[in-house]
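Notes follow once the structure below has been shown.
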Amino acid sequence: MTLDLVAAYRWMRLTRDVDEAIRTLWLTGQGVGGTFNQRGHEAVSVGPALCLDEDDVVAPMHRDLGAYLVRGMTPHRLLAHQLGRATGPSGGRDANIHGCGDVDLGIIGFISHLPQSLPVAVGAAMAFKLRGEDRVAMTWTGDGGAVTGLFAESLNLAALDKAPVVIVVENNQYAYSTPIEQHSANPDIAARARAHGVHAVDVDGNDVEAVHHVSRKAVNRARNGGGPTVIVAATMRMLGHAIHDGFEYVPQGLLEKWERRDPIDRLLVRLREEGVEQERIDRIDADVAAEVADALAFAHESPWPDPATVTDGVWAGDA
Ligand SMILES: Cc1ncc(C[n+]2csc(CCOP(=O)(O)OP(=O)(O)O)c2C)c(N)n1
């Protein structure tokens, strides 16, 4: 199935606008939690997530707001989360994308200490296979996460079990502030994945059509018993690791090069090639802006959590 380019544009625009709203909340002293900006990563979170069925699960990481939105986590809940309100997915117990999930939407909350979400996603995929369920798990990690022991162990187990899992590596070339050539003696992540017996492909992570295409193949492969795929998506994080990081360590020339490859601008070029009228794009932009404004108002008007409920949900099995 080919990608609906207009729908992909809407998701990517929504991702960027929600992301910007979260950044503005923090910069104006209103956001309660930290923020991990995803500018430049929109194609790599939206493209793969659009390949999944309702019963599949995702375990996104801190730069995958697009995957949360595609899976049905609304901007309203995400912004309420950022303001620490009771209407957010953690009921106000956490206030950033670290720790934000909703199992009812098939979103396994992000687990820090990267890439801890990876063995959890592999475990979910193994469970699907064991139970004979037609379901796929998808997860994301960074180039830094891909040099840890857990990455190797998760890939080994996934390959052995032919687990129906798709692992997207967002190779934004920096692990926080450490450039890939300083944290990896072999920066060819796909080759390292293949060494574990996992099918692996490289893709331009700023081209949503390309990312979607390889993801679709990987999801089909997983669903048909072909086992795991690692998708290594080359991209760039256009702002700091988190809001407090001025990212002075990234050469300006590198950022300028990637600015010219902005995933949303590139999709706009494709939309024009396909004859999509500017009026239609403007309408999407206006609808998304209105949705985010409405979500912001909802978040601000939402109640703070009731302190009496602080221990609710701490123990498994709690109502
Ligand atoms: C075990 C562990 N050590 C350190 C950290 C702090 N930390 C959070 S993100 C990150 C960098 C991860 O790099 P990468 O996987 O490339 O992701 P990105 O640079 O896109 O954030 C670090 C060191 C952590 N969360 N867990």
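Identifiers in this document derive from the order of the structure tokens: chains are assigned A, B, ..., residues are numbered from 1 separately in each chain, and ligands are numbered from 1 in order of occurrence.
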Could you pull out the residues sitting within 7 Å of ligand 1, using only C-alpha atoms and all ligand atoms, and write them as an mmCIF file with N, CA, C and O atoms, in the first residue's frame?
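Ended up saving to selection_36.cif:
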data_model
loop_
_atom_site.group_PDB
_atom_site.id
_atom_site.type_symbol
_atom_site.label_atom_id
_atom_site.label_comp_id
_atom_site.auth_asym_id
_atom_site.auth_seq_id
_atom_site.Cartn_x
_atom_site.Cartn_y
_atom_site.Cartn_z
ATOM 1 N N ARG A 63 12.015 10.974 21.111
ATOM 2 C CA ARG A 63 11.888 11.869 19.960
ATOM 3 C C ARG A 63 10.838 11.364 18.975
ATOM 4 O O ARG A 63 10.966 11.551 17.767
ATOM 5 N N SER A 112 13.180 5.258 30.157
ATOM 6 C CA SER A 112 14.527 5.828 30.041
ATOM 7 C C SER A 112 15.523 4.776 30.485
ATOM 8 O O SER A 112 15.164 3.706 30.948
ATOM 9 N N HIS A 113 16.731 5.155 30.377
ATOM 10 C CA HIS A 113 17.911 4.310 30.366
ATOM 11 C C HIS A 113 17.861 3.531 29.055
ATOM 12 O O HIS A 113 17.495 2.381 28.951
ATOM 13 N N LEU A 114 18.229 4.281 28.057
ATOM 14 C CA LEU A 114 18.165 3.822 26.677
ATOM 15 C C LEU A 114 19.065 2.627 26.453
ATOM 16 O O LEU A 114 20.162 2.626 26.963
ATOM 17 N N THR A 141 15.077 3.430 18.571
ATOM 18 C CA THR A 141 16.206 3.769 19.440
ATOM 19 C C THR A 141 17.144 4.692 18.665
ATOM 20 O O THR A 141 16.943 4.952 17.483
ATOM 21 N N GLY A 142 18.162 5.205 19.363
ATOM 22 C CA GLY A 142 19.091 6.127 18.699
ATOM 23 C C GLY A 142 20.401 5.437 18.358
ATOM 24 O O GLY A 142 20.619 4.262 18.689
ATOM 25 N N ASP A 143 21.284 6.177 17.701
ATOM 26 C CA ASP A 143 22.603 5.621 17.381
ATOM 27 C C ASP A 143 23.377 5.337 18.667
ATOM 28 O O ASP A 143 24.150 4.377 18.737
ATOM 29 N N GLY A 144 23.143 6.159 19.698
ATOM 30 C CA GLY A 144 23.794 5.914 20.990
ATOM 31 C C GLY A 144 23.251 4.643 21.631
ATOM 32 O O GLY A 144 24.005 3.802 22.124
ATOM 33 N N GLY A 145 21.918 4.488 21.582
ATOM 34 C CA GLY A 145 21.303 3.269 22.128
ATOM 35 C C GLY A 145 21.800 2.027 21.404
ATOM 36 O O GLY A 145 21.875 0.932 21.986
ATOM 37 N N ALA A 146 22.178 2.196 20.130
ATOM 38 C CA ALA A 146 22.575 1.047 19.306
ATOM 39 C C ALA A 146 24.008 0.565 19.568
ATOM 40 O O ALA A 146 24.458 -0.364 18.909
ATOM 41 N N GLU A 170 17.116 5.659 14.911
ATOM 42 C CA GLU A 170 17.175 7.044 14.448
ATOM 43 C C GLU A 170 18.631 7.475 14.538
ATOM 44 O O GLU A 170 19.106 7.880 15.596
ATOM 45 N N ASN A 171 19.320 7.356 13.426
ATOM 46 C CA ASN A 171 20.741 7.704 13.439
ATOM 47 C C ASN A 171 20.893 9.205 13.191
ATOM 48 O O ASN A 171 21.120 9.646 12.070
ATOM 49 N N ASN A 172 20.754 9.960 14.301
ATOM 50 C CA ASN A 172 20.902 11.417 14.173
ATOM 51 C C ASN A 172 22.348 11.839 14.456
ATOM 52 O O ASN A 172 22.629 13.001 14.688
ATOM 53 N N GLN A 173 23.222 10.857 14.426
ATOM 54 C CA GLN A 173 24.675 11.078 14.411
ATOM 55 C C GLN A 173 25.282 11.615 15.698
ATOM 56 O O GLN A 173 26.486 11.829 15.777
ATOM 57 N N TYR A 174 24.430 11.834 16.685
ATOM 58 C CA TYR A 174 24.921 12.262 17.995
ATOM 59 C C TYR A 174 24.194 11.465 19.077
ATOM 60 O O TYR A 174 22.966 11.326 19.025
ATOM 61 N N ALA A 175 24.960 10.951 20.043
ATOM 62 C CA ALA A 175 24.359 10.358 21.236
ATOM 63 C C ALA A 175 24.472 11.450 22.294
ATOM 64 O O ALA A 175 25.561 11.681 22.824
ATOM 65 N N TYR A 176 23.368 12.146 22.496
ATOM 66 C CA TYR A 176 23.410 13.403 23.253
ATOM 67 C C TYR A 176 24.443 14.288 22.577
ATOM 68 O O TYR A 176 24.229 14.702 21.441
ATOM 69 N N ARG A 237 18.993 15.709 14.452
ATOM 70 C CA ARG A 237 18.204 16.407 15.490
ATOM 71 C C ARG A 237 18.550 17.880 15.348
ATOM 72 O O ARG A 237 19.708 18.253 15.504
ATOM 73 N N HIS A 241 19.710 18.180 22.621
ATOM 74 C CA HIS A 241 19.229 16.895 23.140
ATOM 75 C C HIS A 241 17.929 17.110 23.926
ATOM 76 O O HIS A 241 16.949 16.423 23.740
#
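Every protein, DNA or RNA residue with an atom at most 8 Å from A:Leu3, where only C-alpha atoms count and chain neighbours fewer than 5 positions away do not, is listed here: Ala8, Glu209, His212 and His213 of chain A.
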With C-alpha atoms retained, write the just-selected residues as a short mmCIF file (atom, residue, chain, number, x, y, z; two decimals), in the first residue's frame.
data_model
loop_
_atom_site.label_atom_id
_atom_site.label_comp_id
_atom_site.auth_asym_id
_atom_site.auth_seq_id
_atom_site.Cartn_x
_atom_site.Cartn_y
_atom_site.Cartn_z
CA ALA A 8 1.39 12.00 6.14
CA GLU A 209 7.87 8.03 1.58
CA HIS A 212 7.24 4.32 5.04
CA HIS A 213 8.14 2.02 2.15
#
Write out as a compact mmCIF listing (two decimals) with N, CA and C atoms, in the first residue's frame all residues of stretch 71-212 of chain A that backbone DSSP assigns to strand (DSSP E).
# COMPACT_ATOMS: atom_id res chain seq x y z
N ALA A 137 5.21 -5.71 16.92
CA ALA A 137 5.70 -4.65 17.82
C ALA A 137 6.71 -3.80 17.06
N MET A 138 6.68 -2.51 17.34
CA MET A 138 7.63 -1.60 16.69
C MET A 138 8.26 -0.73 17.76
N THR A 139 9.57 -0.52 17.64
CA THR A 139 10.22 0.34 18.62
C THR A 139 11.29 1.18 17.93
N TRP A 140 11.75 2.18 18.65
CA TRP A 140 12.74 3.12 18.11
C TRP A 140 13.89 3.25 19.11
N THR A 141 15.08 3.43 18.57
CA THR A 141 16.21 3.77 19.44
C THR A 141 17.14 4.69 18.67
N GLY A 142 18.16 5.21 19.36
CA GLY A 142 19.09 6.13 18.70
C GLY A 142 20.40 5.44 18.36
N VAL A 165 9.07 -8.12 15.20
CA VAL A 165 9.39 -6.80 15.73
C VAL A 165 10.13 -5.99 14.68
N VAL A 166 9.84 -4.69 14.65
CA VAL A 166 10.54 -3.76 13.75
C VAL A 166 11.25 -2.73 14.63
N ILE A 167 12.55 -2.61 14.43
CA ILE A 167 13.36 -1.70 15.26
C ILE A 167 13.88 -0.58 14.36
N VAL A 168 13.44 0.63 14.66
CA VAL A 168 13.90 1.78 13.87
C VAL A 168 15.02 2.46 14.64
N VAL A 169 16.18 2.55 14.03
CA VAL A 169 17.29 3.26 14.67
C VAL A 169 17.33 4.67 14.07
N GLU A 170 17.12 5.66 14.91
CA GLU A 170 17.17 7.04 14.45
C GLU A 170 18.63 7.48 14.54
N ASN A 171 19.32 7.36 13.43
CA ASN A 171 20.74 7.70 13.44
C ASN A 171 20.89 9.21 13.19
N TYR A 174 24.43 11.83 16.69
CA TYR A 174 24.92 12.26 17.99
C TYR A 174 24.19 11.46 19.08
N ALA A 175 24.96 10.95 20.04
CA ALA A 175 24.36 10.36 21.24
C ALA A 175 24.47 11.45 22.29
N THR A 178 27.74 13.34 21.92
CA THR A 178 28.89 12.58 21.43
C THR A 178 28.67 12.17 19.96
N PRO A 179 29.53 12.65 19.04
CA PRO A 179 29.35 12.27 17.64
C PRO A 179 29.61 10.79 17.42
N HIS A 199 17.68 -9.05 9.71
CA HIS A 199 17.58 -8.34 8.43
C HIS A 199 17.68 -6.84 8.71
N ALA A 200 18.49 -6.12 7.95
CA ALA A 200 18.67 -4.69 8.23
C ALA A 200 18.76 -3.89 6.94
N VAL A 201 18.17 -2.70 6.97
CA VAL A 201 18.20 -1.83 5.79
C VAL A 201 18.54 -0.39 6.22
N ASP A 202 19.17 0.33 5.31
CA ASP A 202 19.43 1.76 5.52
C ASP A 202 18.39 2.56 4.75
N VAL A 203 18.04 3.71 5.30
CA VAL A 203 17.07 4.57 4.59
C VAL A 203 17.33 6.03 4.94
N ASP A 204 16.91 6.89 4.03
CA ASP A 204 16.98 8.34 4.28
C ASP A 204 15.84 8.69 5.24
request  = Do a neighbour search on A:Val70 at 8 Å with only C-alpha atoms, toss out local chain neighbours closer than 6 positions, and write the hits as a ChimeraX atom specification.
outcome  = /A:11,46,49-50
task = Please give the complete set of residues from stretch 34-271 of chain A that DSSP, run on the backbone, assigns to alpha helix (DSSP H), formatted as an NGL selection string.
result = :A and (42-49 or 65-70 or 75-82 or 117-130 or 149-161 or 180-183 or 189-195 or 208-223 or 252-259 or 263-271)
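Between A:Ala222 and the residues A:Glu301, A:Glu274, A:Glu133, A:Asp188, the shortest atom-to-atom distance, using only C-alpha atoms, involves A:Glu133.
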ask   = A:Val57, A:Ser302, A:Arg131, A:Ala210: which is nearest A:Leu267, counting only C-alpha atoms?
value = A:Ala210
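Among the candidates A:Gln252, A:Thr15, A:Thr309, A:Asn156, the one nearest to A:His196 when counting only C-alpha atoms is A:Asn156.
The interatomic distance for the pair atom CA of A:Pro164 and atom CA of A:Pro187 works out to 25.6 Å.
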